[in-house]
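Engineer: So here's input_17.pdb, just PDB, C-alpha atoms:
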MODEL        1
ATOM      1  CA  MET U   1     -45.295  54.156  39.588
ATOM      2  CA  ALA U   2     -43.759  51.984  42.308
ATOM      3  CA  LEU U   3     -41.493  49.278  40.897
ATOM      4  CA  TYR U   4     -41.614  45.751  42.232
ATOM      5  CA  GLU U   5     -39.928  42.430  41.516
ATOM      6  CA  ILE U   6     -40.634  38.758  42.048
ATOM      7  CA  ILE U   7     -38.162  35.905  41.663
ATOM      8  CA  TYR U   8     -39.492  32.371  41.492
ATOM      9  CA  THR U   9     -38.448  28.873  40.513
ATOM     10  CA  SER U  10     -40.608  26.113  39.098
ATOM     11  CA  LEU U  11     -40.362  22.745  37.438
ATOM     12  CA  ALA U  12     -41.828  22.301  33.964
ATOM     13  CA  SER U  13     -44.517  19.615  33.967
ATOM     14  CA  ARG U  14     -42.628  17.994  31.085
ATOM     15  CA  ASP U  15     -39.491  18.560  29.062
ATOM     16  CA  LEU U  16     -39.988  21.438  26.626
ATOM     17  CA  PRO U  17     -38.429  21.006  23.173
ATOM     18  CA  PRO U  18     -36.511  24.042  21.870
ATOM     19  CA  GLU U  19     -39.232  25.103  19.431
ATOM     20  CA  GLU U  20     -41.912  25.042  22.135
ATOM     21  CA  LEU U  21     -39.663  26.930  24.539
ATOM     22  CA  ALA U  22     -39.017  29.534  21.829
ATOM     23  CA  GLN U  23     -42.783  29.958  21.271
ATOM     24  CA  LEU U  24     -43.336  30.343  25.011
ATOM     25  CA  LEU U  25     -40.617  32.976  25.163
ATOM     26  CA  ASP U  26     -42.055  34.890  22.178
ATOM     27  CA  LYS U  27     -45.533  34.977  23.736
ATOM     28  CA  ALA U  28     -44.121  36.036  27.106
ATOM     29  CA  ARG U  29     -42.158  38.876  25.506
ATOM     30  CA  VAL U  30     -45.219  40.235  23.696
ATOM     31  CA  HIS U  31     -47.397  40.027  26.801
ATOM     32  CA  ASN U  32     -44.741  41.449  29.114
ATOM     33  CA  ALA U  33     -43.960  44.352  26.777
ATOM     34  CA  SER U  34     -47.654  45.268  26.691
ATOM     35  CA  GLN U  35     -47.714  45.272  30.500
ATOM     36  CA  GLY U  36     -44.402  47.087  31.086
ATOM     37  CA  ILE U  37     -42.761  43.993  32.573
ATOM     38  CA  THR U  38     -39.052  43.305  32.132
ATOM     39  CA  GLY U  39     -36.809  40.686  33.653
ATOM     40  CA  MET U  40     -34.994  37.494  32.872
ATOM     41  CA  MET U  41     -35.740  33.798  32.601
ATOM     42  CA  ILE U  42     -33.436  30.804  32.889
ATOM     43  CA  TYR U  43     -34.541  27.345  31.752
ATOM     44  CA  HIS U  44     -32.335  24.335  32.453
ATOM     45  CA  ARG U  45     -33.323  20.665  32.606
ATOM     46  CA  ARG U  46     -37.031  21.409  33.123
ATOM     47  CA  GLU U  47     -36.295  24.019  35.778
ATOM     48  CA  PHE U  48     -37.313  27.646  35.410
ATOM     49  CA  MET U  49     -35.918  30.566  37.366
ATOM     50  CA  GLN U  50     -37.404  33.923  36.533
ATOM     51  CA  LEU U  51     -37.144  37.498  37.736
ATOM     52  CA  LEU U  52     -40.105  39.711  36.859
ATOM     53  CA  GLU U  53     -40.040  43.474  37.396
ATOM     54  CA  GLY U  54     -42.502  46.266  36.804
ATOM     55  CA  GLU U  55     -45.493  47.894  38.479
ATOM     56  CA  GLN U  56     -46.444  45.882  41.578
ATOM     57  CA  ALA U  57     -50.033  44.954  40.722
ATOM     58  CA  VAL U  58     -49.059  43.906  37.189
ATOM     59  CA  VAL U  59     -46.100  41.785  38.340
ATOM     60  CA  GLN U  60     -48.192  40.103  41.029
ATOM     61  CA  ALA U  61     -50.975  39.393  38.527
ATOM     62  CA  LEU U  62     -48.483  37.768  36.151
ATOM     63  CA  TYR U  63     -47.066  35.652  38.961
ATOM     64  CA  GLU U  64     -50.588  34.448  39.833
ATOM     65  CA  ARG U  65     -51.158  33.615  36.161
ATOM     66  CA  ILE U  66     -47.922  31.590  36.116
ATOM     67  CA  ALA U  67     -48.958  29.862  39.358
ATOM     68  CA  SER U  68     -52.156  28.630  37.685
ATOM     69  CA  ASP U  69     -50.386  27.528  34.475
ATOM     70  CA  PRO U  70     -50.346  23.697  34.304
ATOM     71  CA  ARG U  71     -46.925  23.812  32.616
ATOM     72  CA  HIS U  72     -45.437  24.823  35.993
ATOM     73  CA  GLN U  73     -45.105  22.528  39.005
ATOM     74  CA  GLN U  74     -43.473  23.106  42.367
ATOM     75  CA  LEU U  75     -43.698  26.879  41.979
ATOM     76  CA  ARG U  76     -41.739  28.577  44.742
ATOM     77  CA  LYS U  77     -41.409  32.300  45.259
ATOM     78  CA  ILE U  78     -37.838  33.051  46.316
ATOM     79  CA  TRP U  79     -38.151  36.799  46.690
ATOM     80  CA  ASP U  80     -40.555  39.645  46.200
ATOM     81  CA  GLY U  81     -40.303  43.267  47.120
ATOM     82  CA  PRO U  82     -40.067  46.869  45.984
ATOM     83  CA  ILE U  83     -37.137  48.061  43.885
ATOM     84  CA  ARG U  84     -35.756  51.534  43.156
ATOM     85  CA  GLU U  85     -34.933  50.790  39.523
ATOM     86  CA  ARG U  86     -35.151  47.964  37.032
ATOM     87  CA  GLY U  87     -32.294  45.484  36.926
ATOM     88  CA  PHE U  88     -33.095  44.628  33.286
ATOM     89  CA  PRO U  89     -34.372  47.865  31.725
ATOM     90  CA  ASP U  90     -33.061  47.046  28.248
ATOM     91  CA  TRP U  91     -34.346  43.473  28.102
ATOM     92  CA  GLY U  92     -38.004  42.714  27.481
ATOM     93  CA  MET U  93     -37.126  39.296  28.808
ATOM     94  CA  ALA U  94     -33.506  38.225  28.932
ATOM     95  CA  PHE U  95     -33.274  34.484  28.474
ATOM     96  CA  VAL U  96     -30.800  31.664  29.062
ATOM     97  CA  ALA U  97     -31.315  27.986  28.242
ATOM     98  CA  PRO U  98     -27.839  26.465  28.515
ATOM     99  CA  ASP U  99     -28.888  23.128  26.985
ATOM    100  CA  GLU U 100     -30.494  24.586  23.886
ATOM    101  CA  LEU U 101     -28.052  25.725  21.211
ATOM    102  CA  ALA U 102     -30.955  26.367  18.822
ATOM    103  CA  LEU U 103     -32.171  29.165  21.077
ATOM    104  CA  ARG U 104     -28.958  31.189  20.764
ATOM    105  CA  GLU U 105     -30.616  33.148  17.943
ATOM    106  CA  LYS U 106     -33.276  34.527  20.299
ATOM    107  CA  PRO U 107     -32.949  38.173  21.347
ATOM    108  CA  GLY U 108     -31.624  38.501  24.875
ATOM    109  CA  TYR U 109     -29.882  35.131  24.922
ATOM    110  CA  GLN U 110     -26.579  36.216  23.411
ATOM    111  CA  ASP U 111     -26.751  39.589  25.189
ATOM    112  CA  LEU U 112     -26.965  37.788  28.489
ATOM    113  CA  LEU U 113     -24.050  35.528  27.612
ATOM    114  CA  ASP U 114     -21.906  38.402  26.338
ATOM    115  CA  ARG U 115     -22.761  40.985  28.995
ATOM    116  CA  GLY U 116     -23.519  38.579  31.777
ATOM    117  CA  LEU U 117     -25.145  39.586  34.986
ATOM    118  CA  ARG U 118     -22.884  41.828  36.969
ATOM    119  CA  HIS U 119     -23.327  43.159  40.454
ATOM    120  CA  SER U 120     -23.703  46.889  40.862
ATOM    121  CA  PRO U 121     -24.196  48.946  44.014
ATOM    122  CA  ALA U 122     -27.731  49.853  42.870
ATOM    123  CA  ASP U 123     -28.883  46.214  42.560
ATOM    124  CA  SER U 124     -32.076  45.309  44.355
ATOM    125  CA  THR U 125     -32.022  42.637  47.020
ATOM    126  CA  GLY U 126     -33.771  40.308  44.613
ATOM    127  CA  LYS U 127     -31.227  40.801  41.860
ATOM    128  CA  GLN U 128     -28.387  40.247  44.328
ATOM    129  CA  LEU U 129     -30.071  37.001  45.373
ATOM    130  CA  LEU U 130     -30.520  35.948  41.745
ATOM    131  CA  LEU U 131     -26.864  36.612  40.988
ATOM    132  CA  THR U 132     -25.860  34.563  44.014
ATOM    133  CA  LEU U 133     -28.050  31.613  42.963
ATOM    134  CA  ARG U 134     -27.428  31.596  39.207
ATOM    135  CA  ASP U 135     -24.254  29.491  39.169
ATOM    136  CA  ASP U 136     -25.818  26.804  41.353
ATOM    137  CA  PHE U 137     -28.936  26.785  39.185
ATOM    138  CA  LEU U 138     -27.007  26.506  35.937
TER     139      LEU U 138
ENDMDL
END
As structure tokens, how would this structure be written, given the file I've shared?

Structural biologist:
Amino acid sequence: MALYEIIYTSLASRDLPPEELAQLLDKARVHNASQGITGMMIYHRREFMQLLEGEQAVVQALYERIASDPRHQQLRKIWDGPIRERGFPDWGMAFVAPDELALREKPGYQDLLDRGLRHSPADSTGKQLLLTLRDDFL
């Protein structure tokens, strides 16, 4: 199986309250786990940044599904390409929402805060780009 990743940004069509964001995250985790997709999502002031990784056709299909979701506006693909290994193999969907203290209980949120995202020599180009952009985004 050839691994692939996509990084995109989008603007939520409206502000998402913490409980709705948590429901969205729960549904995404279930769907992504069933499809073998891992990655991370950042939500901050209506802006999403997400890295999706997995088998190419599945990742591209999910991106197209997101592109047609009316909750997303101004969708912009920042990067896509093949990867040698997953950048987030242990996270069904790591998640950060810096404004939402109520979401700190969600799996992946505290892990990401505690472990952070660190560069490693094996990082894909996309993950390197994400790490470069994250501080500006947050």

Engineer: Quick one: of U:Ala67, U:Leu24, U:Val30, U:Ile83, who's nearest to Tyr4 (chain U), counting all atoms listed in the file?

Structural biologist: U:Ile83

Engineer: If I take CA of Asp90 (chain U) and CA of Ile66 (chain U), how far is one from the other in Å, to one decimal?

Structural biologist: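 Separation between CA of Asp90 (chain U) and CA of Ile66 (chain U): 22.8 Å.
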
Engineer: What is the CA of Gln23 (chain U)-CA of Glu85 (chain U) distance in Å, reported with one decimal?

Structural biologist: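 According to the coordinates, CA of Gln23 (chain U) and CA of Glu85 (chain U) are separated by 28.8 Å.
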
Engineer: Between CA of Gln50 (chain U) and CA of Arg29 (chain U), what is the spacing in Å?

Structural biologist: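 CA of Gln50 (chain U) lies at a distance of 13.0 Å from CA of Arg29 (chain U).
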
Engineer: Take the PyMOL selection byres ((chain U and resi 71) around 6), apply it to the structure above, and return the hits as number ranges by chain.

Structural biologist: U: 12-13, 69-70, 72

Engineer: Between U:Asp15, U:Glu47, U:Asp26, U:Asp80, single out the one closest to Leu3 (chain U), counting only C-alpha atoms.

Structural biologist: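 Checking each of U:Asp15, U:Glu47, U:Asp26, U:Asp80 against Leu3 (chain U), counting only C-alpha atoms, the winner is U:Asp80.
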
Engineer: Leaving out Glu55 (chain U) and any residue of its chain fewer than 2 positions from it, which residues lie within 9 Å of it when counting all atoms listed in the file, given as a list of chain:residue names?

Structural biologist: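 Surrounding residues, per the criterion: U:Met1, U:Ala2, U:Leu3, U:Tyr4, U:Glu5, U:Gln35, U:Gly36, U:Ile37, U:Glu53, U:Ala57, U:Val58, U:Val59, U:Gln60.
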
Engineer: For this structure, which residues satisfy the selection - the PyMOL selection byres ((chain U and resi 8-10) around 10) - when it is evaluated on the file as given? I want them as a PyMOL selection string.

Structural biologist: chain U and resi 6-7+11-13+41-43+46-52+63+66-67+71-80+130+137

Engineer: Once you add 5 Å to each side, what are the centre and edge lengths of the axis-aligned box holding all listed atoms of region 40-43 of chain U? One decimal in Å, as AutoDock Vina command-line options, if you can.

Structural biologist:
--center_x -34.6 --center_y 32.4 --center_z 32.3 --size_x 12.3 --size_y 20.1 --size_z 11.1

Engineer: Can you pull out every residue within 8 Å of Thr38 (chain U), counting only C-alpha atoms, but drop anything in the same chain fewer than 4 positions away, and send it as an MDAnalysis selection string?

Structural biologist: chainID U and resid 32:33 52:54 86 88:89 91:93
